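Enquirer: Dropping in run.cif, which is mmCIF, C-alpha atoms:
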```cif
data_data
#
loop_
_atom_site.label_atom_id
_atom_site.label_comp_id
_atom_site.auth_asym_id
_atom_site.auth_seq_id
_atom_site.Cartn_x
_atom_site.Cartn_y
_atom_site.Cartn_z
CA MET A 736 -1.45 15.37 -11.34
CA ARG A 737 -2.72 18.09 -9.01
CA ARG A 738 -3.65 17.69 -5.39
CA SER A 739 -7.35 18.01 -4.60
CA PHE A 740 -8.85 21.25 -3.32
CA ARG A 741 -10.53 19.11 -0.65
CA LEU A 742 -7.28 19.55 1.30
CA SER A 743 -8.44 22.99 2.43
CA TYR A 744 -11.59 21.48 3.92
CA PHE A 745 -9.64 18.92 5.91
CA ALA A 746 -7.19 21.53 7.13
CA CYS A 747 -10.14 23.38 8.67
CA PHE A 748 -11.59 20.19 10.12
CA VAL A 749 -8.28 19.15 11.60
CA ALA A 750 -7.75 22.53 13.26
CA LEU A 751 -10.89 21.86 15.31
CA ALA A 752 -10.17 18.16 15.80
CA LEU A 753 -6.74 18.89 17.26
CA LEU A 754 -8.44 20.58 20.19
CA THR A 755 -10.77 17.72 21.04
CA ALA A 756 -9.79 14.38 19.51
CA CYS A 757 -7.24 12.99 21.92
CA SER A 758 -5.09 13.60 24.93
CA LYS A 759 -1.34 13.70 25.39
CA ASP A 760 0.34 11.59 28.02
CA ASP A 761 2.99 14.28 28.37
CA ASP A 762 3.20 17.95 27.53
CA ALA A 763 5.35 17.24 24.46
CA PRO A 764 6.21 20.31 22.37
CA VAL A 765 6.65 20.19 18.62
CA GLN A 766 9.96 18.48 17.86
CA GLU A 767 12.80 20.16 16.03
CA LYS A 768 12.83 19.52 12.32
CA ALA A 769 14.21 16.07 11.57
CA SER A 770 15.72 14.51 8.48
CA ARG A 771 12.82 12.07 8.05
CA THR A 772 9.62 11.27 9.90
CA VAL A 773 7.89 7.94 9.24
CA LEU A 774 4.43 7.04 10.52
CA VAL A 775 3.27 3.42 10.65
CA TYR A 776 -0.55 3.41 10.56
CA ILE A 777 -1.74 0.10 12.00
CA VAL A 778 -5.40 -0.88 11.64
CA ALA A 779 -5.61 -4.15 13.56
CA ASP A 780 -8.99 -3.86 15.31
CA ASN A 781 -10.28 -6.91 13.46
CA ASN A 782 -10.14 -10.68 13.20
CA GLY A 783 -6.66 -11.99 13.71
CA LEU A 784 -4.31 -9.06 13.11
CA ALA A 785 -3.84 -7.70 16.64
CA SER A 786 -1.16 -10.25 17.55
CA PHE A 787 0.74 -9.48 14.35
CA ALA A 788 0.65 -5.79 15.29
CA SER A 789 2.33 -6.36 18.63
CA ASP A 790 4.93 -8.60 17.01
CA ASP A 791 5.65 -6.00 14.33
CA ILE A 792 6.02 -3.21 16.87
CA ALA A 793 8.56 -5.37 18.71
CA GLU A 794 10.43 -5.77 15.40
CA MET A 795 10.32 -2.00 14.89
CA VAL A 796 11.95 -1.53 18.28
CA GLU A 797 14.75 -3.88 17.20
CA GLY A 798 15.13 -2.17 13.84
CA TYR A 799 15.16 1.34 15.30
CA ALA A 800 18.20 0.46 17.42
CA SER A 801 20.42 1.11 14.38
CA VAL A 802 18.70 4.39 13.45
CA ASP A 803 19.98 7.81 14.46
CA ALA A 804 17.19 8.90 16.81
CA ASP A 805 18.54 12.45 16.92
CA LYS A 806 17.67 13.02 13.26
CA ASP A 807 14.96 10.50 12.37
CA ASN A 808 11.48 10.02 13.86
CA LEU A 809 9.49 6.77 13.89
CA LEU A 810 5.90 6.97 15.10
CA VAL A 811 3.29 4.21 15.26
CA TYR A 812 -0.46 4.76 15.32
CA VAL A 813 -1.98 1.49 16.49
CA ASP A 814 -5.64 0.54 16.75
CA GLY A 815 -5.77 -3.03 17.98
CA ASN A 816 -7.36 -4.76 20.95
CA SER A 817 -7.10 -1.63 23.10
CA THR A 818 -8.04 1.97 22.41
CA PRO A 819 -5.97 3.69 19.70
CA CYS A 820 -2.79 5.55 20.50
CA VAL A 821 0.31 7.03 18.90
CA ILE A 822 3.66 5.65 20.07
CA GLN A 823 6.97 7.36 19.51
CA LEU A 824 10.00 5.10 19.35
CA LYS A 825 12.93 6.89 20.94
CA LYS A 826 16.18 6.16 22.75
CA ASN A 827 16.87 6.78 26.41
CA LYS A 828 20.18 8.14 27.71
CA ASN A 829 21.65 4.63 27.56
CA GLY A 830 20.76 4.27 23.89
CA THR A 831 18.01 1.71 24.53
CA VAL A 832 14.94 2.01 22.31
CA ILE A 833 11.80 2.69 24.32
CA GLN A 834 8.13 3.16 23.43
CA ASP A 835 6.62 6.46 24.53
CA THR A 836 2.83 6.76 24.17
CA ILE A 837 2.40 10.41 23.23
CA TYR A 838 -1.30 10.51 22.24
CA ARG A 839 -4.27 8.44 23.36
CA TYR A 840 -7.58 8.42 21.52
CA PRO A 841 -11.04 7.29 22.52
CA GLU A 842 -12.41 4.29 20.63
CA GLN A 843 -12.79 5.34 16.99
CA ASN A 844 -13.01 3.95 13.48
CA SER A 845 -9.47 4.32 12.17
CA LEU A 846 -10.74 4.06 8.58
CA ASP A 847 -12.95 7.14 8.77
CA VAL A 848 -11.46 9.88 6.62
CA PRO A 849 -11.64 12.58 9.34
CA VAL A 850 -10.04 10.22 11.88
CA MET A 851 -7.16 9.23 9.62
CA SER A 852 -6.70 12.83 8.46
CA GLU A 853 -6.47 14.07 12.04
CA VAL A 854 -3.85 11.46 12.94
CA PHE A 855 -1.78 12.45 9.90
CA GLU A 856 -2.06 16.14 10.65
CA ARG A 857 -1.26 15.77 14.34
CA THR A 858 1.76 13.50 13.98
CA PHE A 859 3.40 15.19 11.02
CA ALA A 860 2.80 18.68 12.43
CA GLY A 861 4.30 17.55 15.74
CA PHE A 862 7.32 15.90 14.10
CA PRO A 863 8.26 18.05 11.09
CA ALA A 864 10.99 16.78 8.79
CA ASP A 865 12.69 17.33 5.47
CA SER A 866 11.03 14.17 4.13
CA TYR A 867 8.19 11.87 5.11
CA GLY A 868 7.29 8.21 4.81
CA LEU A 869 4.14 6.24 5.58
CA VAL A 870 3.33 2.59 6.19
CA LEU A 871 -0.27 1.47 5.67
CA TRP A 872 -0.67 -1.69 7.75
CA SER A 873 -3.82 -3.82 7.67
CA HIS A 874 -5.83 -6.13 5.44
CA GLY A 875 -6.11 -5.04 1.83
CA ASP A 876 -7.71 -5.82 -1.49
CA GLY A 877 -6.54 -3.20 -3.96
CA TRP A 878 -9.15 -1.37 -6.00
CA ILE A 879 -12.10 -3.55 -5.00
CA PRO A 880 -15.01 -1.59 -3.45
CA ALA A 881 -15.35 -1.61 0.33
CA THR A 882 -18.01 -3.99 1.62
CA THR A 883 -19.21 -5.42 4.90
CA ALA A 884 -20.34 -8.65 3.25
CA SER A 885 -17.23 -10.74 3.81
CA VAL A 886 -13.74 -10.40 5.19
CA SER A 887 -12.51 -12.26 2.09
CA THR A 888 -12.91 -8.99 0.15
CA ARG A 889 -10.60 -6.39 1.62
CA TRP A 890 -9.76 -2.99 -0.24
CA PHE A 891 -7.54 -1.18 2.31
CA GLY A 892 -8.03 -1.69 6.02
CA TYR A 893 -10.41 -3.62 8.24
CA ASP A 894 -11.63 -1.95 11.43
CA GLU A 895 -14.26 -4.17 13.02
CA ASP A 896 -16.96 -4.26 10.28
CA THR A 897 -15.79 -1.46 8.01
CA GLN A 898 -13.26 -0.97 5.24
CA MET A 899 -11.97 1.99 3.25
CA ASP A 900 -12.35 2.62 -0.46
CA ILE A 901 -9.24 3.90 -2.23
CA SER A 902 -11.00 7.18 -3.01
CA ALA A 903 -11.50 7.74 0.72
CA LEU A 904 -7.90 6.80 1.42
CA LYS A 905 -6.82 9.41 -1.10
CA LEU A 906 -8.83 12.10 0.72
CA ALA A 907 -7.11 11.22 3.99
CA LEU A 908 -3.66 11.24 2.37
CA GLU A 909 -4.32 14.72 1.02
CA ALA A 910 -4.40 15.98 4.63
CA ALA A 911 -0.80 14.81 5.05
CA PRO A 912 2.45 16.13 3.59
CA HIS A 913 3.70 14.69 0.32
CA PHE A 914 5.44 11.38 0.97
CA ASP A 915 8.77 10.15 -0.34
CA PHE A 916 7.37 6.65 -0.04
CA ILE A 917 4.28 4.75 1.00
CA LEU A 918 4.80 1.13 1.98
CA SER A 919 1.49 -0.70 1.86
CA ASP A 920 1.87 -3.72 4.12
CA ALA A 921 -1.41 -5.23 2.96
CA CYS A 922 -2.54 -7.70 0.32
CA PHE A 923 -3.07 -6.91 -3.39
CA MET A 924 -2.33 -3.19 -3.13
CA GLN A 925 0.21 -2.96 -5.97
CA SER A 926 -2.38 -2.51 -8.72
CA VAL A 927 -2.10 0.13 -11.41
CA GLU A 928 -5.54 1.44 -10.42
CA VAL A 929 -4.45 2.09 -6.82
CA ALA A 930 -1.00 3.44 -7.67
CA TYR A 931 -2.43 5.84 -10.25
CA GLU A 932 -5.19 7.04 -7.93
CA LEU A 933 -2.72 7.84 -5.15
CA SER A 934 0.14 9.07 -7.32
CA SER A 935 -0.29 12.75 -6.44
CA CYS A 936 0.39 11.91 -2.77
CA VAL A 937 3.67 10.02 -3.01
CA ASP A 938 6.87 9.64 -5.03
CA TYR A 939 7.30 5.87 -4.65
CA PHE A 940 4.66 3.25 -3.88
CA ILE A 941 5.98 -0.02 -2.40
CA SER A 942 3.69 -3.02 -2.12
CA SER A 943 2.73 -6.44 -3.45
CA PRO A 944 0.35 -7.25 -6.34
CA THR A 945 -0.56 -10.50 -4.61
CA GLU A 946 -1.30 -11.82 -1.14
CA ILE A 947 1.36 -10.94 1.42
CA PRO A 948 2.65 -13.19 4.22
CA GLY A 949 0.50 -13.22 7.34
CA PRO A 950 3.22 -11.63 9.51
CA GLY A 951 3.77 -8.82 6.98
CA ALA A 952 7.06 -6.97 6.70
CA PHE A 953 9.96 -8.02 8.91
CA TYR A 954 10.49 -4.59 10.42
CA THR A 955 13.77 -5.47 12.07
CA ASP A 956 15.17 -5.22 8.53
CA VAL A 957 12.70 -2.77 6.99
CA VAL A 958 12.96 0.01 9.61
CA PRO A 959 16.70 0.63 9.09
CA ALA A 960 16.05 0.72 5.33
CA MET A 961 13.43 3.44 5.83
CA PHE A 962 16.07 5.72 7.32
CA GLN A 963 19.06 4.57 5.28
CA GLU A 964 21.21 7.44 4.09
CA THR A 965 21.10 7.24 0.31
CA SER A 966 21.71 9.73 -2.45
CA THR A 967 18.21 9.50 -3.96
CA LYS A 968 14.61 8.81 -2.97
CA LYS A 969 14.59 6.03 -5.55
CA GLU A 970 17.45 4.23 -3.83
CA SER A 971 15.67 4.58 -0.49
CA ALA A 972 12.46 3.06 -1.87
CA ILE A 973 14.34 0.14 -3.40
CA ALA A 974 16.19 -0.44 -0.11
CA ILE A 975 12.85 -0.72 1.72
CA ALA A 976 11.43 -3.10 -0.87
CA SER A 977 14.61 -5.19 -0.79
CA GLY A 978 14.46 -5.38 3.00
CA TYR A 979 10.89 -6.68 2.75
CA TYR A 980 11.65 -9.21 0.01
CA ASN A 981 15.03 -10.56 1.13
CA TYR A 982 13.79 -11.77 4.50
CA TYR A 983 11.10 -14.00 2.96
CA ASN A 984 13.24 -15.04 0.03
CA ALA A 985 15.79 -16.42 2.49
CA LYS A 986 13.05 -18.46 4.22
CA TYR A 987 11.39 -19.62 0.99
CA ASN A 988 10.88 -23.38 0.72
CA ASP A 989 7.94 -23.89 -1.68
CA GLY A 990 5.53 -23.54 1.24
CA ILE A 991 6.75 -26.68 2.98
CA GLY A 992 6.05 -26.49 6.73
CA LEU A 993 4.16 -23.23 6.20
CA SER A 994 2.88 -21.33 9.22
CA ASN A 995 2.65 -17.70 10.26
CA SER A 996 5.66 -18.22 12.50
CA ASN A 997 7.57 -19.97 9.70
CA TRP A 998 6.49 -18.36 6.44
CA THR A 999 8.08 -20.51 3.74
CA ALA A 1000 5.63 -19.54 0.98
CA GLY A 1001 7.58 -16.59 -0.42
CA VAL A 1002 6.51 -13.08 -1.31
CA SER A 1003 6.29 -10.61 -4.19
CA VAL A 1004 7.27 -6.95 -3.85
CA SER A 1005 7.65 -4.09 -6.31
CA VAL A 1006 8.28 -0.34 -6.44
CA VAL A 1007 6.30 2.06 -8.63
CA GLU A 1008 7.54 5.57 -9.44
CA SER A 1009 4.52 7.87 -9.41
CA ASP A 1010 5.90 10.51 -11.78
CA LYS A 1011 6.12 7.89 -14.54
CA LEU A 1012 2.51 6.75 -14.29
CA ASP A 1013 1.15 9.52 -16.53
CA ASP A 1014 3.36 8.26 -19.36
CA LEU A 1015 2.24 4.69 -18.68
CA ALA A 1016 -1.40 5.76 -18.81
CA THR A 1017 -0.86 7.56 -22.12
CA ALA A 1018 0.94 4.57 -23.62
CA THR A 1019 -1.74 2.16 -22.41
CA LYS A 1020 -4.55 4.33 -23.74
CA SER A 1021 -2.91 4.36 -27.16
CA LEU A 1022 -2.91 0.55 -27.26
CA LEU A 1023 -6.02 -0.81 -25.54
CA PRO A 1024 -8.64 0.54 -28.01
CA GLN A 1025 -6.62 -0.86 -30.93
CA TYR A 1026 -7.21 -4.40 -29.68
CA ILE A 1027 -10.42 -4.18 -27.64
CA SER A 1028 -13.66 -2.59 -28.84
CA ASP A 1029 -17.41 -2.83 -28.22
CA GLY A 1030 -16.86 -4.55 -24.88
CA ALA A 1031 -15.38 -7.65 -26.48
CA VAL A 1032 -14.47 -10.58 -24.25
CA ILE A 1033 -10.80 -10.41 -23.28
CA GLY A 1034 -8.88 -13.67 -23.19
CA THR A 1035 -6.80 -14.28 -20.08
CA SER A 1036 -5.08 -17.54 -21.03
CA GLY A 1037 -1.35 -17.35 -20.38
CA ILE A 1038 -1.59 -14.18 -18.27
CA LEU A 1039 -0.47 -14.51 -14.65
CA CYS A 1040 -3.38 -14.15 -12.25
CA TYR A 1041 -2.38 -12.88 -8.82
CA ASP A 1042 -5.52 -14.16 -7.03
CA PRO A 1043 -6.15 -17.46 -8.87
CA TYR A 1044 -8.14 -19.12 -6.07
CA ARG A 1045 -10.31 -16.11 -5.28
CA ASN A 1046 -12.15 -13.73 -7.61
CA LYS A 1047 -9.49 -13.31 -10.32
CA TYR A 1048 -9.60 -9.50 -10.18
CA TYR A 1049 -5.82 -9.04 -10.48
CA TYR A 1050 -3.85 -9.98 -13.60
CA ASP A 1051 -0.31 -9.10 -14.52
CA MET A 1052 -0.37 -5.84 -16.48
CA TYR A 1053 2.70 -6.61 -18.57
CA GLY A 1054 1.24 -9.99 -19.48
CA LEU A 1055 -2.05 -8.45 -20.59
CA MET A 1056 -0.45 -5.91 -22.88
CA LYS A 1057 1.92 -8.46 -24.38
CA SER A 1058 -0.98 -10.83 -25.08
CA LEU A 1059 -2.82 -8.03 -26.91
CA ALA A 1060 -0.05 -6.26 -28.80
CA GLY A 1061 2.59 -8.93 -29.33
CA GLU A 1062 6.05 -7.61 -30.10
CA GLY A 1063 5.24 -4.74 -32.48
CA SER A 1064 6.65 -1.22 -32.29
CA ALA A 1065 3.63 0.08 -30.37
CA TYR A 1066 4.19 -2.58 -27.73
CA THR A 1067 7.90 -1.76 -27.60
CA ASN A 1068 7.07 1.87 -26.81
CA TRP A 1069 4.56 0.77 -24.17
CA LYS A 1070 7.16 -1.54 -22.62
CA ILE A 1071 9.54 1.40 -22.17
CA ALA A 1072 6.84 3.35 -20.31
CA PHE A 1073 6.10 0.33 -18.11
CA THR A 1074 9.76 -0.27 -17.27
CA ASN A 1075 10.17 3.40 -16.34
CA ALA A 1076 7.21 3.18 -13.96
CA VAL A 1077 7.86 -0.20 -12.32
CA ILE A 1078 11.45 0.42 -11.32
CA TRP A 1079 12.03 -2.67 -9.16
CA ALA A 1080 10.22 -5.99 -8.80
CA GLU A 1081 11.13 -9.31 -7.21
CA THR A 1082 9.27 -12.53 -6.49
CA THR A 1083 9.91 -16.01 -5.27
CA ASP A 1084 9.05 -18.80 -7.74
CA GLU A 1085 5.68 -19.37 -6.10
CA ASN A 1086 3.38 -17.44 -3.77
CA TYR A 1087 0.51 -18.43 -1.51
CA CYS A 1088 -3.12 -17.55 -2.26
CA THR A 1089 -6.10 -18.01 0.06
CA ASP A 1090 -9.41 -19.08 -1.44
CA ALA A 1091 -12.88 -17.80 -0.55
CA PHE A 1092 -13.25 -20.47 2.13
CA GLY A 1093 -10.08 -19.59 4.01
CA SER A 1094 -7.93 -22.42 2.69
CA GLY A 1095 -5.03 -21.77 0.37
CA SER A 1096 -2.44 -23.16 -2.00
CA MET A 1097 0.81 -22.22 -3.66
CA HIS A 1098 0.73 -20.93 -7.23
CA SER A 1099 3.36 -20.23 -9.85
CA MET A 1100 4.55 -16.65 -10.34
CA THR A 1101 5.70 -17.25 -13.92
CA GLY A 1102 4.95 -14.09 -15.88
CA PHE A 1103 5.42 -11.76 -12.88
CA SER A 1104 6.12 -8.10 -13.64
CA GLY A 1105 5.17 -6.52 -10.30
CA LEU A 1106 2.01 -4.59 -11.20
CA SER A 1107 -1.54 -5.88 -11.50
CA ILE A 1108 -4.49 -4.67 -13.57
CA TYR A 1109 -8.17 -5.53 -13.67
CA ILE A 1110 -9.35 -7.22 -16.87
CA PRO A 1111 -13.05 -6.36 -17.20
CA ARG A 1112 -15.49 -9.21 -17.64
CA GLY A 1113 -19.17 -9.99 -17.46
CA ASN A 1114 -21.63 -7.18 -18.07
CA SER A 1115 -20.07 -3.74 -18.57
CA ALA A 1116 -23.02 -2.29 -16.63
CA SER A 1117 -22.53 -4.57 -13.61
CA THR A 1118 -22.17 -2.99 -10.19
CA LEU A 1119 -18.49 -3.93 -10.02
CA ASN A 1120 -17.66 -2.60 -13.48
CA LYS A 1121 -19.53 0.63 -12.80
CA PHE A 1122 -17.51 1.07 -9.64
CA TYR A 1123 -14.34 0.46 -11.65
CA HIS A 1124 -15.38 3.36 -13.91
CA SER A 1125 -14.93 5.69 -10.93
CA TYR A 1126 -11.15 5.23 -11.02
CA GLN A 1127 -9.13 7.80 -12.93
CA TRP A 1128 -7.19 4.96 -14.49
CA TYR A 1129 -10.37 3.74 -16.24
CA THR A 1130 -10.40 6.95 -18.30
CA ASP A 1131 -6.73 7.89 -18.48
CA GLY A 1132 -5.59 4.32 -19.10
CA GLY A 1133 -7.97 3.81 -22.03
CA TRP A 1134 -10.58 1.37 -20.76
CA SER A 1135 -13.29 3.96 -21.36
CA ASP A 1136 -12.55 3.72 -25.10
CA THR A 1137 -12.94 -0.05 -25.30
CA GLY A 1138 -16.66 -0.45 -24.65
CA TRP A 1139 -15.99 -1.60 -21.11
#
```
Now that the file is in, can you turn its structure into structure tokens?
Expert:
Amino acid sequence: MRRSFRLSYFACFVALALLTACSKDDDAPVQEKASRTVLVYIVADNNGLASFASDDIAEMVEGYASVDADKDNLLVYVDGNSTPCVIQLKKNKNGTVIQDTIYRYPEQNSLDVPVMSEVFERTFAGFPADSYGLVLWSHGDGWIPATTASVSTRWFGYDEDTQMDISALKLALEAAPHFDFILSDACFMQSVEVAYELSSCVDYFISSPTEIPGPGAFYTDVVPAMFQETSTKKESAIAIASGYYNYYNAKYNDGIGLSNSNWTAGVSVSVVESDKLDDLATATKSLLPQYISDGAVIGTSGILCYDPYRNKYYYDMYGLMKSLAGEGSAYTNWKIAFTNAVIWAETTDENYCTDAFGSGSMHSMTGFSGLSIYIPRGNSASTLNKFYHSYQWYTDGGWSDTGW
């Protein structure tokens, strides 16, 4: 899948923005080329996430203590209760990790495409490396369209009263270098629609198909995994996902005594390999129209729903295809394509899901495969279904041939 020509537009925009958008605290020259540069992009200027941001940055400081600061860069863009800034984690002459604020911005919407693009361009140009990683940190709600109607519907990001559609996120990512990995520390982002839409920007997409714990990743463990010396990008991505999962798996206790400071409700994490998604799309498109036509109602009984107490927009992809195709040869071929794309997936027995009123309950993860998919329903011409048609997955994955 080719990168968009829109990149050239943003390169021009960024060249101007670099002159005016922010100020440096110090006259910091471009760093020597590193082994890896990772940017954590924190959008916490919203209801309830600012305290988590400060806690996570403290965890990053702890985690970076075991990283070789001479060859690896960790930068944090944070937009929380104060004006946005970029922090570089570095070590002083005594080897102590310190936070150095290298750029300060005026108040801005961190989910505007030009704003995000400028931050990407500035930080990655200033800290060049052989490889790059990105953490997207905020609220999230997968492929769902951005809305200001309710915070219970989340897409990616929540900056005051605005959110960011995945198509806009893709435009911003195209102003950045190609990433070895993107860790989306936000709810419901591991959907096939999102992964496929962003696949030209990254090799490995790490996230959860369901709701994530309130505190998000435990960066004391995840940061060292981001810079772990491994022989392959695949091993690096799996190490990051394992670092995320293992912390909450060790604390898991069926949600008993659950709080944000004692998250006992488990977690689900998976890794998707972008280069394998074209084959998955082709295999899915060969199957869906065989079993669904003329917009027929699609049964969901027995298929794991990842948001059972909310809108039921996220179902397990493996479960859907198995329910349609059974165990025939066509399904066997599809299963190979799926297994090649979803290279790692782990879950605790149950996860937590918040309902539309802010309460929540545990739910079984039986049938978990690690990747969600939307199962169309209602009127094919509804506003939501029409928006779904805008995703490349809708066409390439075969929904456009089913009457939906």
Enquirer: Any idea what the distance is between CA of Leu869 in chain A and CA of Thr818 in chain A?
Expert: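 So the answer is 21.2 Å.
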Enquirer: Identify, on the basis of all atoms listed in the file, every residue whose closest approach to range 928-933 of chain A does not exceed 6 Å; exclude the query and any residue fewer than 2 positions from it along the same chain; express the result as a PyMOL selection string.
Expert: chain A and resi 878+905+926+935-936+1128
Enquirer: I need the residues from that last selection saved to file as a PDB file, in the frame of the given file (with C-alpha atoms), if you can.
Expert:
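File written: part.pdb
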```
ATOM      1  CA  TRP A 878      -9.150  -1.370  -6.000  1.00  0.00           C
ATOM      2  CA  LYS A 905      -6.820   9.410  -1.100  1.00  0.00           C
ATOM      3  CA  SER A 926      -2.380  -2.510  -8.720  1.00  0.00           C
ATOM      4  CA  SER A 935      -0.290  12.750  -6.440  1.00  0.00           C
ATOM      5  CA  CYS A 936       0.390  11.910  -2.770  1.00  0.00           C
ATOM      6  CA  TRP A1128      -7.190   4.960 -14.490  1.00  0.00           C
TER       7      TRP A1128
END
```
Enquirer: Rank A:Asp956, A:Asp989, A:Glu970, A:Glu1085 by their smallest atom-to-atom distance to Tyr799 in chain A, using all atoms listed in the file, and report the top residue only.
Expert: A:Asp956
Enquirer: I'd like the residues picked by the PyMOL selection byres ((chain A and resi 1110-1127) around 9) written out as a CSV table (one decimal) with C-alpha atoms, keeping the file's coordinate frame, using the chain letters and numbers from the file.
Expert:
```
chain,number,residue,atom,x,y,z
A,878,TRP,CA,-9.2,-1.4,-6.0
A,879,ILE,CA,-12.1,-3.6,-5.0
A,880,PRO,CA,-15.0,-1.6,-3.4
A,902,SER,CA,-11.0,7.2,-3.0
A,928,GLU,CA,-5.5,1.4,-10.4
A,929,VAL,CA,-4.4,2.1,-6.8
A,931,TYR,CA,-2.4,5.8,-10.2
A,932,GLU,CA,-5.2,7.0,-7.9
A,1030,GLY,CA,-16.9,-4.6,-24.9
A,1031,ALA,CA,-15.4,-7.6,-26.5
A,1032,VAL,CA,-14.5,-10.6,-24.2
A,1033,ILE,CA,-10.8,-10.4,-23.3
A,1035,THR,CA,-6.8,-14.3,-20.1
A,1047,LYS,CA,-9.5,-13.3,-10.3
A,1048,TYR,CA,-9.6,-9.5,-10.2
A,1049,TYR,CA,-5.8,-9.0,-10.5
A,1050,TYR,CA,-3.8,-10.0,-13.6
A,1055,LEU,CA,-2.0,-8.4,-20.6
A,1108,ILE,CA,-4.5,-4.7,-13.6
A,1109,TYR,CA,-8.2,-5.5,-13.7
A,1128,TRP,CA,-7.2,5.0,-14.5
A,1129,TYR,CA,-10.4,3.7,-16.2
A,1130,THR,CA,-10.4,7.0,-18.3
A,1131,ASP,CA,-6.7,7.9,-18.5
A,1132,GLY,CA,-5.6,4.3,-19.1
A,1134,TRP,CA,-10.6,1.4,-20.8
A,1135,SER,CA,-13.3,4.0,-21.4
A,1138,GLY,CA,-16.7,-0.4,-24.6
A,1139,TRP,CA,-16.0,-1.6,-21.1
```
Enquirer: Between A:Ala1080, A:Val802, A:Cys1088, A:Ala881, which has the minimum distance to Thr897 in chain A (counting all atoms listed in the file)?
Expert: A:Ala881
Enquirer: Which residues are near Leu918 in chain A? Cut-off 9 Å, all atoms listed in the file, ignore same chain within fewer than 5 positions. Put them as a PDB file with C-alpha atoms, in the frame of the given file.
Expert:
```pdb
ATOM      1  CA  GLY A 868       7.290   8.210   4.810  1.00  0.00           C
ATOM      2  CA  LEU A 869       4.140   6.240   5.580  1.00  0.00           C
ATOM      3  CA  VAL A 870       3.330   2.590   6.190  1.00  0.00           C
ATOM      4  CA  LEU A 871      -0.270   1.470   5.670  1.00  0.00           C
ATOM      5  CA  TRP A 872      -0.670  -1.690   7.750  1.00  0.00           C
ATOM      6  CA  TYR A 939       7.300   5.870  -4.650  1.00  0.00           C
ATOM      7  CA  PHE A 940       4.660   3.250  -3.880  1.00  0.00           C
ATOM      8  CA  ILE A 941       5.980  -0.020  -2.400  1.00  0.00           C
ATOM      9  CA  SER A 942       3.690  -3.020  -2.120  1.00  0.00           C
ATOM     10  CA  ALA A 972      12.460   3.060  -1.870  1.00  0.00           C
ATOM     11  CA  ILE A 975      12.850  -0.720   1.720  1.00  0.00           C
ATOM     12  CA  ALA A 976      11.430  -3.100  -0.870  1.00  0.00           C
TER      13      ALA A 976
END
```
Enquirer: Give me, as a PyMOL selection string, all polymer residues having an atom no more than 7 Å from range 1071-1079 of chain A, counting all atoms listed in the file and skipping those fewer than 2 positions away in the same chain.
Expert: chain A and resi 973+1005-1008+1011-1012+1014-1015+1018+1067-1069+1081
Enquirer: Convert the current residue selection to file output with C-alpha atoms, as a PDB file, in the coordinates of the input.
Expert:
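Listed below is the output, result-v1.pdb:
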```
ATOM      1  CA  ILE A 973      14.340   0.140  -3.400  1.00  0.00           C
ATOM      2  CA  SER A1005       7.650  -4.090  -6.310  1.00  0.00           C
ATOM      3  CA  VAL A1006       8.280  -0.340  -6.440  1.00  0.00           C
ATOM      4  CA  VAL A1007       6.300   2.060  -8.630  1.00  0.00           C
ATOM      5  CA  GLU A1008       7.540   5.570  -9.440  1.00  0.00           C
ATOM      6  CA  LYS A1011       6.120   7.890 -14.540  1.00  0.00           C
ATOM      7  CA  LEU A1012       2.510   6.750 -14.290  1.00  0.00           C
ATOM      8  CA  ASP A1014       3.360   8.260 -19.360  1.00  0.00           C
ATOM      9  CA  LEU A1015       2.240   4.690 -18.680  1.00  0.00           C
ATOM     10  CA  ALA A1018       0.940   4.570 -23.620  1.00  0.00           C
ATOM     11  CA  THR A1067       7.900  -1.760 -27.600  1.00  0.00           C
ATOM     12  CA  ASN A1068       7.070   1.870 -26.810  1.00  0.00           C
ATOM     13  CA  TRP A1069       4.560   0.770 -24.170  1.00  0.00           C
ATOM     14  CA  GLU A1081      11.130  -9.310  -7.210  1.00  0.00           C
TER      15      GLU A1081
END
```
Enquirer: Work out how far apart CA of Asp805 in chain A and CA of Pro912 in chain A are and give it in Å to one decimal.
Expert: 21.2 Å
Enquirer: Grab all the atoms of range 813-831 of chain A that the file lists, wrap them in a box along x, y and z, add 6 Å per side, and give me centre plus edge lengths in Å (one decimal) as AutoDock Vina command-line options.
Expert:
```
--center_x 6.8 --center_y 1.7 --center_z 22.1 --size_x 41.7 --size_y 24.9 --size_z 23.2
```
Enquirer: Given all atoms listed in the file as the basis, pick out the residue of A:Tyr812, A:Ser943, A:Leu774, A:Ser1094 nearest to Phe862 in chain A.
Expert: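 Checking each candidate against Phe862 in chain A, we get A:Leu774 as the closest.
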Enquirer: If you count only C-alpha atoms, which residues fall within 6 Å of Phe914 in chain A, apart from same-chain ones fewer than 2 positions away, as a list of chain:residue names?
Expert: A:Tyr867, A:Gly868, A:Phe916, A:Val937
Enquirer: Keeping only C-alpha atoms, write those residues as an mmCIF file, keeping the file's coordinate frame.
Expert:
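Wrote it out as out_13.cif, contents follow:
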```cif
data_model
loop_
_atom_site.group_PDB
_atom_site.id
_atom_site.type_symbol
_atom_site.label_atom_id
_atom_site.label_comp_id
_atom_site.auth_asym_id
_atom_site.auth_seq_id
_atom_site.Cartn_x
_atom_site.Cartn_y
_atom_site.Cartn_z
ATOM 1 C CA TYR A 867 8.190 11.870 5.110
ATOM 2 C CA GLY A 868 7.290 8.210 4.810
ATOM 3 C CA PHE A 916 7.370 6.650 -0.040
ATOM 4 C CA VAL A 937 3.670 10.020 -3.010
#
```
Enquirer: Between CA of Ala864 in chain A and CA of Tyr954 in chain A, what distance in Å does the model show, to one decimal?
Expert: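 Distance reported for this atom pair: 21.4 Å.
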